[in-house]
file input_12.txt (compact mmCIF, N, CA and C atoms)
# COMPACT_ATOMS: atom_id res chain seq x y z
N MET X 166 -15.27 1.33 9.47
CA MET X 166 -14.49 2.33 10.16
C MET X 166 -15.06 2.62 11.55
N ASP X 167 -16.36 2.36 11.75
CA ASP X 167 -16.98 2.59 13.04
C ASP X 167 -16.31 1.74 14.12
N LEU X 168 -15.78 0.61 13.71
CA LEU X 168 -15.09 -0.27 14.65
C LEU X 168 -13.92 0.48 15.31
N LEU X 169 -13.14 1.20 14.52
CA LEU X 169 -12.01 1.94 15.06
C LEU X 169 -12.45 3.20 15.79
N THR X 170 -13.39 3.93 15.23
CA THR X 170 -13.80 5.20 15.84
C THR X 170 -14.60 4.99 17.12
N GLY X 171 -15.18 3.82 17.30
CA GLY X 171 -15.95 3.54 18.50
C GLY X 171 -15.13 2.98 19.64
N MET X 172 -13.83 2.84 19.45
CA MET X 172 -12.97 2.26 20.48
C MET X 172 -12.65 3.27 21.57
N THR X 173 -12.43 2.74 22.77
CA THR X 173 -11.88 3.56 23.85
C THR X 173 -10.36 3.65 23.64
N SER X 174 -9.73 4.52 24.40
CA SER X 174 -8.26 4.62 24.33
C SER X 174 -7.60 3.30 24.71
N ALA X 175 -8.16 2.63 25.71
CA ALA X 175 -7.59 1.35 26.14
C ALA X 175 -7.71 0.30 25.04
N GLN X 176 -8.84 0.28 24.34
CA GLN X 176 -9.01 -0.67 23.23
C GLN X 176 -8.05 -0.34 22.09
N ALA X 177 -7.86 0.94 21.81
CA ALA X 177 -6.93 1.34 20.75
C ALA X 177 -5.51 0.92 21.12
N THR X 178 -5.14 1.12 22.37
CA THR X 178 -3.81 0.70 22.83
C THR X 178 -3.67 -0.82 22.74
N ALA X 179 -4.72 -1.53 23.10
CA ALA X 179 -4.69 -3.00 23.01
C ALA X 179 -4.52 -3.44 21.55
N LEU X 180 -5.24 -2.80 20.64
CA LEU X 180 -5.14 -3.15 19.22
C LEU X 180 -3.72 -2.98 18.70
N TRP X 181 -3.17 -1.78 18.86
CA TRP X 181 -1.85 -1.51 18.28
C TRP X 181 -0.74 -2.24 19.02
N SER X 182 -0.88 -2.39 20.33
CA SER X 182 0.11 -3.18 21.08
C SER X 182 0.08 -4.63 20.64
N GLY X 183 -1.12 -5.18 20.50
CA GLY X 183 -1.25 -6.56 20.05
C GLY X 183 -0.67 -6.79 18.67
N LEU X 184 -0.95 -5.88 17.75
CA LEU X 184 -0.41 -6.01 16.40
C LEU X 184 1.12 -5.93 16.40
N MET X 185 1.67 -5.02 17.21
CA MET X 185 3.13 -4.90 17.25
C MET X 185 3.77 -6.12 17.91
N ILE X 186 3.12 -6.68 18.91
CA ILE X 186 3.64 -7.90 19.54
C ILE X 186 3.60 -9.06 18.54
N LEU X 187 2.49 -9.18 17.80
CA LEU X 187 2.41 -10.23 16.78
C LEU X 187 3.50 -10.05 15.72
N LEU X 188 3.75 -8.81 15.31
CA LEU X 188 4.83 -8.54 14.35
C LEU X 188 6.17 -8.97 14.93
N LEU X 189 6.39 -8.67 16.20
CA LEU X 189 7.64 -9.05 16.84
C LEU X 189 7.82 -10.57 16.85
N VAL X 190 6.75 -11.29 17.13
CA VAL X 190 6.81 -12.76 17.13
C VAL X 190 7.12 -13.27 15.71
N ILE X 191 6.46 -12.72 14.71
CA ILE X 191 6.72 -13.13 13.32
C ILE X 191 8.18 -12.88 12.95
N LEU X 192 8.70 -11.72 13.34
CA LEU X 192 10.10 -11.41 13.03
C LEU X 192 11.04 -12.36 13.77
N GLY X 193 10.69 -12.74 15.00
CA GLY X 193 11.48 -13.71 15.75
C GLY X 193 11.49 -15.08 15.08
N VAL X 194 10.33 -15.49 14.58
CA VAL X 194 10.23 -16.76 13.87
C VAL X 194 11.10 -16.71 12.61
N ARG X 195 11.10 -15.55 11.92
CA ARG X 195 11.94 -15.42 10.72
C ARG X 195 13.42 -15.61 11.06
N VAL X 196 13.84 -15.14 12.22
CA VAL X 196 15.24 -15.34 12.64
C VAL X 196 15.50 -16.83 12.83
N GLY X 197 14.60 -17.49 13.52
CA GLY X 197 14.77 -18.93 13.75
C GLY X 197 14.82 -19.72 12.45
N LEU X 198 13.94 -19.37 11.53
CA LEU X 198 13.93 -20.06 10.24
C LEU X 198 15.19 -19.77 9.43
N ALA X 199 15.66 -18.53 9.48
CA ALA X 199 16.90 -18.18 8.76
C ALA X 199 18.09 -18.93 9.35
N ARG X 200 18.14 -19.04 10.67
CA ARG X 200 19.22 -19.78 11.31
C ARG X 200 19.14 -21.26 10.94
N ARG X 201 17.95 -21.80 11.01
CA ARG X 201 17.80 -23.22 10.69
C ARG X 201 18.16 -23.50 9.24
N GLY X 202 17.67 -22.66 8.33
CA GLY X 202 17.93 -22.85 6.91
C GLY X 202 19.39 -22.70 6.53
N ASN X 203 20.12 -21.92 7.33
CA ASN X 203 21.54 -21.71 7.06
C ASN X 203 22.45 -22.42 8.05
N ARG X 204 21.85 -23.31 8.83
CA ARG X 204 22.57 -24.13 9.81
C ARG X 204 23.46 -23.29 10.75
N VAL X 205 22.84 -22.23 11.28
CA VAL X 205 23.51 -21.38 12.25
C VAL X 205 22.87 -21.63 13.60
N VAL X 206 23.70 -22.01 14.57
CA VAL X 206 23.18 -22.35 15.88
C VAL X 206 22.98 -21.10 16.75
N LEU X 207 23.93 -20.20 16.71
CA LEU X 207 23.90 -19.02 17.57
C LEU X 207 24.41 -17.81 16.81
N GLY X 208 23.80 -16.67 17.02
CA GLY X 208 24.24 -15.46 16.33
C GLY X 208 23.88 -15.51 14.86
N ASP X 209 24.72 -14.89 14.03
CA ASP X 209 24.43 -14.90 12.59
C ASP X 209 25.38 -15.80 11.80
N GLY X 210 26.41 -16.33 12.44
CA GLY X 210 27.33 -17.24 11.78
C GLY X 210 28.01 -16.64 10.56
N GLY X 211 28.02 -15.31 10.46
CA GLY X 211 28.62 -14.66 9.30
C GLY X 211 27.75 -14.73 8.06
N ASN X 212 26.53 -15.19 8.21
CA ASN X 212 25.62 -15.33 7.07
C ASN X 212 24.80 -14.05 6.92
N PRO X 213 24.85 -13.40 5.74
CA PRO X 213 24.13 -12.13 5.54
C PRO X 213 22.61 -12.24 5.74
N ALA X 214 22.01 -13.34 5.33
CA ALA X 214 20.56 -13.50 5.48
C ALA X 214 20.17 -13.58 6.95
N VAL X 215 20.97 -14.30 7.73
CA VAL X 215 20.70 -14.43 9.16
C VAL X 215 20.95 -13.10 9.86
N LEU X 216 21.99 -12.40 9.43
CA LEU X 216 22.30 -11.09 10.01
C LEU X 216 21.14 -10.12 9.79
N VAL X 217 20.62 -10.06 8.58
CA VAL X 217 19.51 -9.14 8.29
C VAL X 217 18.27 -9.52 9.10
N ALA X 218 17.93 -10.80 9.14
CA ALA X 218 16.77 -11.23 9.92
C ALA X 218 16.95 -10.89 11.39
N SER X 219 18.15 -11.08 11.90
CA SER X 219 18.44 -10.77 13.31
C SER X 219 18.33 -9.28 13.59
N ARG X 220 18.84 -8.47 12.68
CA ARG X 220 18.79 -7.02 12.88
C ARG X 220 17.37 -6.48 12.73
N VAL X 221 16.60 -7.05 11.82
CA VAL X 221 15.21 -6.63 11.68
C VAL X 221 14.47 -6.90 12.99
N PHE X 222 14.66 -8.10 13.54
CA PHE X 222 14.03 -8.45 14.81
C PHE X 222 14.57 -7.56 15.94
N GLY X 223 15.89 -7.43 16.01
CA GLY X 223 16.51 -6.64 17.07
C GLY X 223 16.05 -5.20 17.05
N ASN X 224 15.95 -4.63 15.87
CA ASN X 224 15.51 -3.24 15.75
C ASN X 224 14.07 -3.09 16.23
N ALA X 225 13.23 -4.02 15.84
CA ALA X 225 11.83 -3.98 16.30
C ALA X 225 11.76 -4.16 17.81
N ALA X 226 12.58 -5.07 18.34
CA ALA X 226 12.58 -5.32 19.78
C ALA X 226 13.09 -4.11 20.57
N GLU X 227 13.84 -3.25 19.92
CA GLU X 227 14.33 -2.04 20.58
C GLU X 227 13.26 -0.95 20.65
N TYR X 228 12.41 -0.86 19.64
CA TYR X 228 11.44 0.24 19.56
C TYR X 228 10.03 -0.13 20.02
N ILE X 229 9.59 -1.36 19.78
CA ILE X 229 8.21 -1.74 20.09
C ILE X 229 7.89 -1.63 21.59
N PRO X 230 8.75 -2.07 22.50
CA PRO X 230 8.40 -1.92 23.92
C PRO X 230 8.22 -0.45 24.33
N ALA X 231 9.06 0.43 23.82
CA ALA X 231 8.92 1.86 24.15
C ALA X 231 7.60 2.40 23.61
N ALA X 232 7.23 1.96 22.41
CA ALA X 232 5.97 2.41 21.81
C ALA X 232 4.78 1.94 22.63
N ILE X 233 4.79 0.68 23.03
CA ILE X 233 3.69 0.14 23.83
C ILE X 233 3.62 0.86 25.18
N GLY X 234 4.75 1.08 25.79
CA GLY X 234 4.78 1.79 27.07
C GLY X 234 4.24 3.20 26.95
N ALA X 235 4.64 3.91 25.90
CA ALA X 235 4.17 5.28 25.70
C ALA X 235 2.66 5.30 25.49
N MET X 236 2.15 4.39 24.65
CA MET X 236 0.71 4.36 24.42
C MET X 236 -0.05 4.00 25.70
N ALA X 237 0.50 3.10 26.49
CA ALA X 237 -0.16 2.71 27.74
C ALA X 237 -0.24 3.89 28.71
N VAL X 238 0.85 4.61 28.85
CA VAL X 238 0.84 5.76 29.77
C VAL X 238 -0.07 6.86 29.24
N LEU X 239 -0.03 7.11 27.95
CA LEU X 239 -0.94 8.11 27.38
C LEU X 239 -2.39 7.71 27.61
N THR X 240 -2.68 6.44 27.52
CA THR X 240 -4.04 5.95 27.79
C THR X 240 -4.41 6.21 29.25
N LEU X 241 -3.49 5.90 30.16
CA LEU X 241 -3.75 6.13 31.58
C LEU X 241 -3.96 7.61 31.89
N LEU X 242 -3.33 8.47 31.09
CA LEU X 242 -3.47 9.92 31.30
C LEU X 242 -4.72 10.49 30.63
N GLY X 243 -5.49 9.61 29.95
CA GLY X 243 -6.75 10.05 29.36
C GLY X 243 -6.65 10.59 27.94
N MET X 244 -5.58 10.27 27.23
CA MET X 244 -5.45 10.73 25.85
C MET X 244 -6.58 10.12 25.02
N PRO X 245 -7.18 10.88 24.10
CA PRO X 245 -8.27 10.34 23.29
C PRO X 245 -7.81 9.18 22.40
N ALA X 246 -8.75 8.31 22.08
CA ALA X 246 -8.45 7.12 21.28
C ALA X 246 -7.87 7.47 19.92
N TYR X 247 -8.33 8.57 19.30
CA TYR X 247 -7.81 8.89 17.97
C TYR X 247 -6.32 9.19 18.00
N ILE X 248 -5.82 9.75 19.10
CA ILE X 248 -4.38 10.00 19.24
C ILE X 248 -3.64 8.67 19.30
N ILE X 249 -4.17 7.74 20.07
CA ILE X 249 -3.55 6.41 20.18
C ILE X 249 -3.57 5.73 18.82
N HIS X 250 -4.67 5.84 18.07
CA HIS X 250 -4.74 5.24 16.73
C HIS X 250 -3.69 5.86 15.80
N ILE X 251 -3.53 7.16 15.86
CA ILE X 251 -2.53 7.81 15.00
C ILE X 251 -1.14 7.31 15.35
N LEU X 252 -0.79 7.35 16.63
CA LEU X 252 0.53 6.89 17.05
C LEU X 252 0.74 5.42 16.73
N GLY X 253 -0.22 4.59 17.11
CA GLY X 253 -0.09 3.16 16.90
C GLY X 253 0.00 2.77 15.45
N SER X 254 -0.83 3.37 14.61
CA SER X 254 -0.82 3.01 13.19
C SER X 254 0.49 3.44 12.52
N LEU X 255 0.97 4.64 12.85
CA LEU X 255 2.24 5.08 12.26
C LEU X 255 3.39 4.19 12.71
N LEU X 256 3.42 3.88 13.99
CA LEU X 256 4.48 3.01 14.51
C LEU X 256 4.43 1.62 13.88
N PHE X 257 3.24 1.05 13.81
CA PHE X 257 3.10 -0.29 13.24
C PHE X 257 3.50 -0.30 11.77
N VAL X 258 3.01 0.65 11.01
CA VAL X 258 3.35 0.71 9.58
C VAL X 258 4.85 0.96 9.42
N GLY X 259 5.40 1.83 10.25
CA GLY X 259 6.84 2.08 10.20
C GLY X 259 7.66 0.84 10.45
N ARG X 260 7.28 0.06 11.45
CA ARG X 260 7.99 -1.18 11.76
C ARG X 260 7.83 -2.19 10.64
N LEU X 261 6.65 -2.25 10.06
CA LEU X 261 6.39 -3.18 8.96
C LEU X 261 7.23 -2.82 7.72
N ILE X 262 7.23 -1.54 7.38
CA ILE X 262 8.02 -1.10 6.22
C ILE X 262 9.51 -1.36 6.46
N HIS X 263 9.98 -1.01 7.65
CA HIS X 263 11.40 -1.23 7.96
C HIS X 263 11.74 -2.71 7.86
N ALA X 264 10.88 -3.56 8.40
CA ALA X 264 11.14 -5.00 8.41
C ALA X 264 11.20 -5.60 7.02
N THR X 265 10.45 -5.05 6.09
CA THR X 265 10.39 -5.64 4.75
C THR X 265 11.37 -5.00 3.77
N THR X 266 12.04 -3.93 4.17
CA THR X 266 12.92 -3.25 3.21
C THR X 266 14.36 -3.14 3.66
N LEU X 267 14.70 -3.66 4.84
CA LEU X 267 16.08 -3.56 5.32
C LEU X 267 17.00 -4.34 4.39
N SER X 268 18.09 -3.70 4.01
CA SER X 268 19.06 -4.31 3.11
C SER X 268 20.43 -4.27 3.78
N PRO X 269 21.23 -5.34 3.63
CA PRO X 269 22.55 -5.34 4.24
C PRO X 269 23.57 -4.47 3.49
N SER X 270 23.22 -4.06 2.27
CA SER X 270 24.21 -3.37 1.45
C SER X 270 23.99 -1.86 1.32
N LYS X 271 22.76 -1.39 1.55
CA LYS X 271 22.53 0.05 1.38
C LYS X 271 21.30 0.47 2.18
N ALA X 272 21.22 1.78 2.43
CA ALA X 272 20.05 2.34 3.09
C ALA X 272 18.98 2.56 2.02
N THR X 273 17.92 1.79 2.09
CA THR X 273 16.84 1.89 1.11
C THR X 273 15.86 2.98 1.52
N ALA X 274 15.07 3.44 0.56
CA ALA X 274 14.04 4.44 0.84
C ALA X 274 13.04 3.89 1.85
N GLY X 275 12.71 2.62 1.73
CA GLY X 275 11.78 1.99 2.67
C GLY X 275 12.32 1.96 4.08
N ARG X 276 13.60 1.67 4.20
CA ARG X 276 14.22 1.64 5.53
C ARG X 276 14.17 3.03 6.17
N ILE X 277 14.47 4.05 5.39
CA ILE X 277 14.45 5.43 5.89
C ILE X 277 13.02 5.83 6.26
N LEU X 278 12.06 5.52 5.40
CA LEU X 278 10.66 5.81 5.68
C LEU X 278 10.20 5.06 6.94
N GLY X 279 10.56 3.80 7.03
CA GLY X 279 10.19 3.00 8.20
C GLY X 279 10.72 3.60 9.49
N MET X 280 11.95 4.06 9.47
CA MET X 280 12.52 4.67 10.67
C MET X 280 11.85 6.00 10.98
N CYS X 281 11.55 6.79 9.95
CA CYS X 281 10.86 8.06 10.18
C CYS X 281 9.47 7.82 10.78
N LEU X 282 8.78 6.81 10.27
CA LEU X 282 7.44 6.49 10.79
C LEU X 282 7.51 5.86 12.18
N THR X 283 8.69 5.49 12.62
CA THR X 283 8.89 5.01 13.98
C THR X 283 9.28 6.18 14.89
N TRP X 284 10.24 6.96 14.46
CA TRP X 284 10.75 8.04 15.30
C TRP X 284 9.75 9.17 15.51
N LEU X 285 9.03 9.56 14.46
CA LEU X 285 8.12 10.70 14.59
C LEU X 285 7.02 10.46 15.62
N PRO X 286 6.31 9.33 15.57
CA PRO X 286 5.30 9.12 16.61
C PRO X 286 5.90 8.91 18.01
N LEU X 287 7.09 8.32 18.09
CA LEU X 287 7.73 8.19 19.40
C LEU X 287 8.12 9.57 19.94
N LEU X 288 8.62 10.42 19.07
CA LEU X 288 8.95 11.79 19.46
C LEU X 288 7.70 12.53 19.91
N ALA X 289 6.61 12.38 19.16
CA ALA X 289 5.34 13.03 19.53
C ALA X 289 4.83 12.49 20.86
N ALA X 290 4.89 11.17 21.05
CA ALA X 290 4.43 10.57 22.31
C ALA X 290 5.28 11.06 23.48
N GLY X 291 6.59 11.09 23.27
CA GLY X 291 7.48 11.58 24.32
C GLY X 291 7.17 13.02 24.69
N ALA X 292 6.95 13.84 23.68
CA ALA X 292 6.62 15.25 23.93
C ALA X 292 5.29 15.38 24.67
N MET X 293 4.30 14.59 24.26
CA MET X 293 3.00 14.63 24.95
C MET X 293 3.13 14.23 26.40
N LEU X 294 3.95 13.22 26.66
CA LEU X 294 4.15 12.77 28.04
C LEU X 294 4.83 13.83 28.89
N VAL X 295 5.85 14.48 28.34
CA VAL X 295 6.54 15.53 29.08
C VAL X 295 5.61 16.71 29.34
N VAL X 296 4.88 17.13 28.31
CA VAL X 296 3.94 18.24 28.48
C VAL X 296 2.90 17.89 29.52
N HIS X 297 2.37 16.68 29.45
CA HIS X 297 1.34 16.26 30.40
C HIS X 297 1.87 16.23 31.83
N ALA X 298 3.14 15.96 31.99
CA ALA X 298 3.73 15.95 33.33
C ALA X 298 3.65 17.33 33.97
N PHE X 299 3.73 18.37 33.16
CA PHE X 299 3.70 19.73 33.69
C PHE X 299 2.31 20.35 33.67
N VAL X 300 1.52 19.98 32.68
CA VAL X 300 0.19 20.56 32.53
C VAL X 300 -0.83 19.78 33.34
N GLY X 301 -0.60 18.47 33.46
CA GLY X 301 -1.53 17.61 34.20
C GLY X 301 -2.87 17.54 33.52
N GLY X 302 -3.93 17.61 34.29
CA GLY X 302 -5.27 17.49 33.74
C GLY X 302 -5.82 18.79 33.20
N ARG X 303 -5.05 19.87 33.29
CA ARG X 303 -5.53 21.16 32.79
C ARG X 303 -5.52 21.17 31.27
N PRO X 304 -6.50 21.81 30.65
CA PRO X 304 -6.51 21.89 29.18
C PRO X 304 -5.33 22.73 28.69
N LEU X 305 -4.81 22.35 27.54
CA LEU X 305 -3.65 23.08 26.98
C LEU X 305 -4.05 24.41 26.43

call {"tool": "encode", "arguments": {"input": "input_12.txt", "output": "structure tokens"}}
result
Amino acid sequence: MDLLTGMTSAQATALWSGLMILLLVILGVRVGLARRGNRVVLGDGGNPAVLVASRVFGNAAEYIPAAIGAMAVLTLLGMPAYIIHILGSLLFVGRLIHATTLSPSKATAGRILGMCLTWLPLLAAGAMLVVHAFVGGRPL
């Protein structure tokens, strides 16, 4: 655990950003494999498996850049590493849960949990950024 607690904010941001980028690449590969396995050249071809893989990737691609950007700006503003670890870990776990539980037929508990674990840290990061814009370097 000393490995995580001894990190700077920049190292924490690098860790969680790197993990989310790797997850995004894995999800992209899953889309390619689903297309290849179902002989779909472009889009989802009306195939439910390709559609789910595409939406899992697309959803991650919609949220991961915002998460990385928020963590980067928070790091530049001097946010402590433990805050970055909390945000990054919740976002990463949320994206992972969402990616593994998305179903084309119903909203699963995992999908809902995954989205909550994505939205809550993004909401917290957004709020911290707005507050910091007005408070600046002054203690809260």

call {"tool": "residues_near_point", "arguments": {"input": "input_12.txt", "point": "(4.7, 4.7, 2.7)", "cutoff": "8 Å", "atoms": "only N, CA and C atoms", "output": "ChimeraX atom specification"}}
result
/X:258,262,275,278-279

call {"tool": "residues_around", "arguments": {"input": "input_12.txt", "residues": "Gly197 (chain X)", "least_positions_apart": "6", "cutoff": "10 Å", "atoms": "only C-alpha atoms", "output": "JSON, numbers by chain"}}
result
{"X": [191, 203, 205, 206, 207, 215, 218, 219]}

call {"tool": "atom_distance", "arguments": {"input": "input_12.txt", "atom1": "atom N of Leu285 (chain X)", "atom2": "CA of Val194 (chain X)"}}
result
26.4 Å

call {"tool": "select_by_dssp", "arguments": {"input": "input_12.txt", "residues": "region 206-283 of chain X", "states": "alpha helix (DSSP H)", "output": "ChimeraX atom specification"}}
result
/X:213-241,246-266,274-283

call {"tool": "closest_residue", "arguments": {"input": "input_12.txt", "among": "X:Ala264, X:Leu256, X:Val238, X:Met185", "to": "Met293 (chain X)", "atoms": "only C-alpha atoms"}}
result
X:Val238

call {"tool": "atom_distance", "arguments": {"input": "input_12.txt", "atom1": "CA of Leu239 (chain X)", "atom2": "atom N of Leu294 (chain X)"}}
result
7.1 Å

call {"tool": "closest_residue", "arguments": {"input": "input_12.txt", "among": "X:Pro213, X:Arg204, X:Ser174, X:Ala226", "to": "Ile248 (chain X)", "atoms": "all atoms listed in the file"}}
result
X:Ser174

call {"tool": "closest_residue", "arguments": {"input": "input_12.txt", "among": "X:Ala231, X:Leu188, X:Val196, X:Ala179", "to": "Leu261 (chain X)", "atoms": "all atoms listed in the file"}}
result
X:Leu188

call {"tool": "atom_distance", "arguments": {"input": "input_12.txt", "atom1": "CA of Gly211 (chain X)", "atom2": "atom C of Thr273 (chain X)"}}
result
23.1 Å

call {"tool": "closest_residue", "arguments": {"input": "input_12.txt", "among": "X:Arg260, X:Arg201, X:His297, X:Arg195", "to": "Val217 (chain X)", "atoms": "only C-alpha atoms"}}
result
X:Arg195

call {"tool": "build_atoms", "arguments": {"input": "input_12.txt", "residues": "region 247-256 of chain X", "atoms": "all heavy atoms", "output": "PDB file, in the frame of the given file"}}
result
ATOM      1  N   TYR X 247      -8.330   8.570  19.300  1.00  0.00           N
ATOM      2  CA  TYR X 247      -7.810   8.890  17.970  1.00  0.00           C
ATOM      3  C   TYR X 247      -6.320   9.190  18.000  1.00  0.00           C
ATOM      4  O   TYR X 247      -5.592   8.883  17.052  1.00  0.00           O
ATOM      5  CB  TYR X 247      -8.620  10.019  17.318  1.00  0.00           C
ATOM      6  CG  TYR X 247      -8.303  11.411  17.799  1.00  0.00           C
ATOM      7  CD1 TYR X 247      -7.317  12.175  17.171  1.00  0.00           C
ATOM      8  CD2 TYR X 247      -8.989  11.986  18.866  1.00  0.00           C
ATOM      9  CE1 TYR X 247      -7.018  13.457  17.608  1.00  0.00           C
ATOM     10  CE2 TYR X 247      -8.706  13.260  19.300  1.00  0.00           C
ATOM     11  CZ  TYR X 247      -7.720  13.993  18.674  1.00  0.00           C
ATOM     12  OH  TYR X 247      -7.424  15.254  19.102  1.00  0.00           O
ATOM     13  N   ILE X 248      -5.820   9.750  19.100  1.00  0.00           N
ATOM     14  CA  ILE X 248      -4.380  10.000  19.240  1.00  0.00           C
ATOM     15  C   ILE X 248      -3.640   8.670  19.300  1.00  0.00           C
ATOM     16  O   ILE X 248      -2.601   8.480  18.656  1.00  0.00           O
ATOM     17  CB  ILE X 248      -4.077  10.836  20.503  1.00  0.00           C
ATOM     18  CG1 ILE X 248      -4.721  12.213  20.416  1.00  0.00           C
ATOM     19  CG2 ILE X 248      -2.578  10.929  20.757  1.00  0.00           C
ATOM     20  CD1 ILE X 248      -4.084  13.144  19.396  1.00  0.00           C
ATOM     21  N   ILE X 249      -4.170   7.740  20.070  1.00  0.00           N
ATOM     22  CA  ILE X 249      -3.550   6.410  20.180  1.00  0.00           C
ATOM     23  C   ILE X 249      -3.570   5.730  18.820  1.00  0.00           C
ATOM     24  O   ILE X 249      -2.575   5.098  18.425  1.00  0.00           O
ATOM     25  CB  ILE X 249      -4.290   5.549  21.232  1.00  0.00           C
ATOM     26  CG1 ILE X 249      -4.307   6.232  22.608  1.00  0.00           C
ATOM     27  CG2 ILE X 249      -3.684   4.147  21.308  1.00  0.00           C
ATOM     28  CD1 ILE X 249      -2.958   6.499  23.223  1.00  0.00           C
ATOM     29  N   HIS X 250      -4.670   5.840  18.070  1.00  0.00           N
ATOM     30  CA  HIS X 250      -4.740   5.240  16.730  1.00  0.00           C
ATOM     31  C   HIS X 250      -3.690   5.860  15.800  1.00  0.00           C
ATOM     32  O   HIS X 250      -3.049   5.139  15.025  1.00  0.00           O
ATOM     33  CB  HIS X 250      -6.133   5.421  16.121  1.00  0.00           C
ATOM     34  CG  HIS X 250      -7.149   4.458  16.627  1.00  0.00           C
ATOM     35  ND1 HIS X 250      -6.982   3.086  16.572  1.00  0.00           N
ATOM     36  CD2 HIS X 250      -8.360   4.669  17.206  1.00  0.00           C
ATOM     37  CE1 HIS X 250      -8.046   2.493  17.085  1.00  0.00           C
ATOM     38  NE2 HIS X 250      -8.894   3.433  17.483  1.00  0.00           N
ATOM     39  N   ILE X 251      -3.530   7.160  15.860  1.00  0.00           N
ATOM     40  CA  ILE X 251      -2.530   7.810  15.000  1.00  0.00           C
ATOM     41  C   ILE X 251      -1.140   7.310  15.350  1.00  0.00           C
ATOM     42  O   ILE X 251      -0.375   6.882  14.465  1.00  0.00           O
ATOM     43  CB  ILE X 251      -2.622   9.353  15.110  1.00  0.00           C
ATOM     44  CG1 ILE X 251      -3.921   9.858  14.488  1.00  0.00           C
ATOM     45  CG2 ILE X 251      -1.407  10.014  14.456  1.00  0.00           C
ATOM     46  CD1 ILE X 251      -4.231  11.318  14.790  1.00  0.00           C
ATOM     47  N   LEU X 252      -0.790   7.350  16.630  1.00  0.00           N
ATOM     48  CA  LEU X 252       0.530   6.890  17.050  1.00  0.00           C
ATOM     49  C   LEU X 252       0.740   5.420  16.730  1.00  0.00           C
ATOM     50  O   LEU X 252       1.769   5.039  16.154  1.00  0.00           O
ATOM     51  CB  LEU X 252       0.722   7.133  18.557  1.00  0.00           C
ATOM     52  CG  LEU X 252       0.729   8.573  19.036  1.00  0.00           C
ATOM     53  CD1 LEU X 252       0.735   8.618  20.559  1.00  0.00           C
ATOM     54  CD2 LEU X 252       1.903   9.342  18.460  1.00  0.00           C
ATOM     55  N   GLY X 253      -0.220   4.590  17.110  1.00  0.00           N
ATOM     56  CA  GLY X 253      -0.090   3.160  16.900  1.00  0.00           C
ATOM     57  C   GLY X 253       0.000   2.770  15.450  1.00  0.00           C
ATOM     58  O   GLY X 253       0.834   1.935  15.062  1.00  0.00           O
ATOM     59  N   SER X 254      -0.830   3.370  14.610  1.00  0.00           N
ATOM     60  CA  SER X 254      -0.820   3.010  13.190  1.00  0.00           C
ATOM     61  C   SER X 254       0.490   3.440  12.520  1.00  0.00           C
ATOM     62  O   SER X 254       1.059   2.682  11.732  1.00  0.00           O
ATOM     63  CB  SER X 254      -2.021   3.600  12.452  1.00  0.00           C
ATOM     64  OG  SER X 254      -1.994   5.017  12.487  1.00  0.00           O
ATOM     65  N   LEU X 255       0.970   4.640  12.850  1.00  0.00           N
ATOM     66  CA  LEU X 255       2.240   5.080  12.260  1.00  0.00           C
ATOM     67  C   LEU X 255       3.390   4.190  12.710  1.00  0.00           C
ATOM     68  O   LEU X 255       4.244   3.805  11.901  1.00  0.00           O
ATOM     69  CB  LEU X 255       2.510   6.541  12.618  1.00  0.00           C
ATOM     70  CG  LEU X 255       1.607   7.570  11.958  1.00  0.00           C
ATOM     71  CD1 LEU X 255       1.885   8.965  12.520  1.00  0.00           C
ATOM     72  CD2 LEU X 255       1.764   7.557  10.443  1.00  0.00           C
ATOM     73  N   LEU X 256       3.420   3.880  13.990  1.00  0.00           N
ATOM     74  CA  LEU X 256       4.480   3.010  14.510  1.00  0.00           C
ATOM     75  C   LEU X 256       4.430   1.620  13.880  1.00  0.00           C
ATOM     76  O   LEU X 256       5.462   1.084  13.460  1.00  0.00           O
ATOM     77  CB  LEU X 256       4.370   2.907  16.030  1.00  0.00           C
ATOM     78  CG  LEU X 256       4.846   4.135  16.791  1.00  0.00           C
ATOM     79  CD1 LEU X 256       4.234   4.196  18.171  1.00  0.00           C
ATOM     80  CD2 LEU X 256       6.364   4.123  16.886  1.00  0.00           C
TER      81      LEU X 256
END
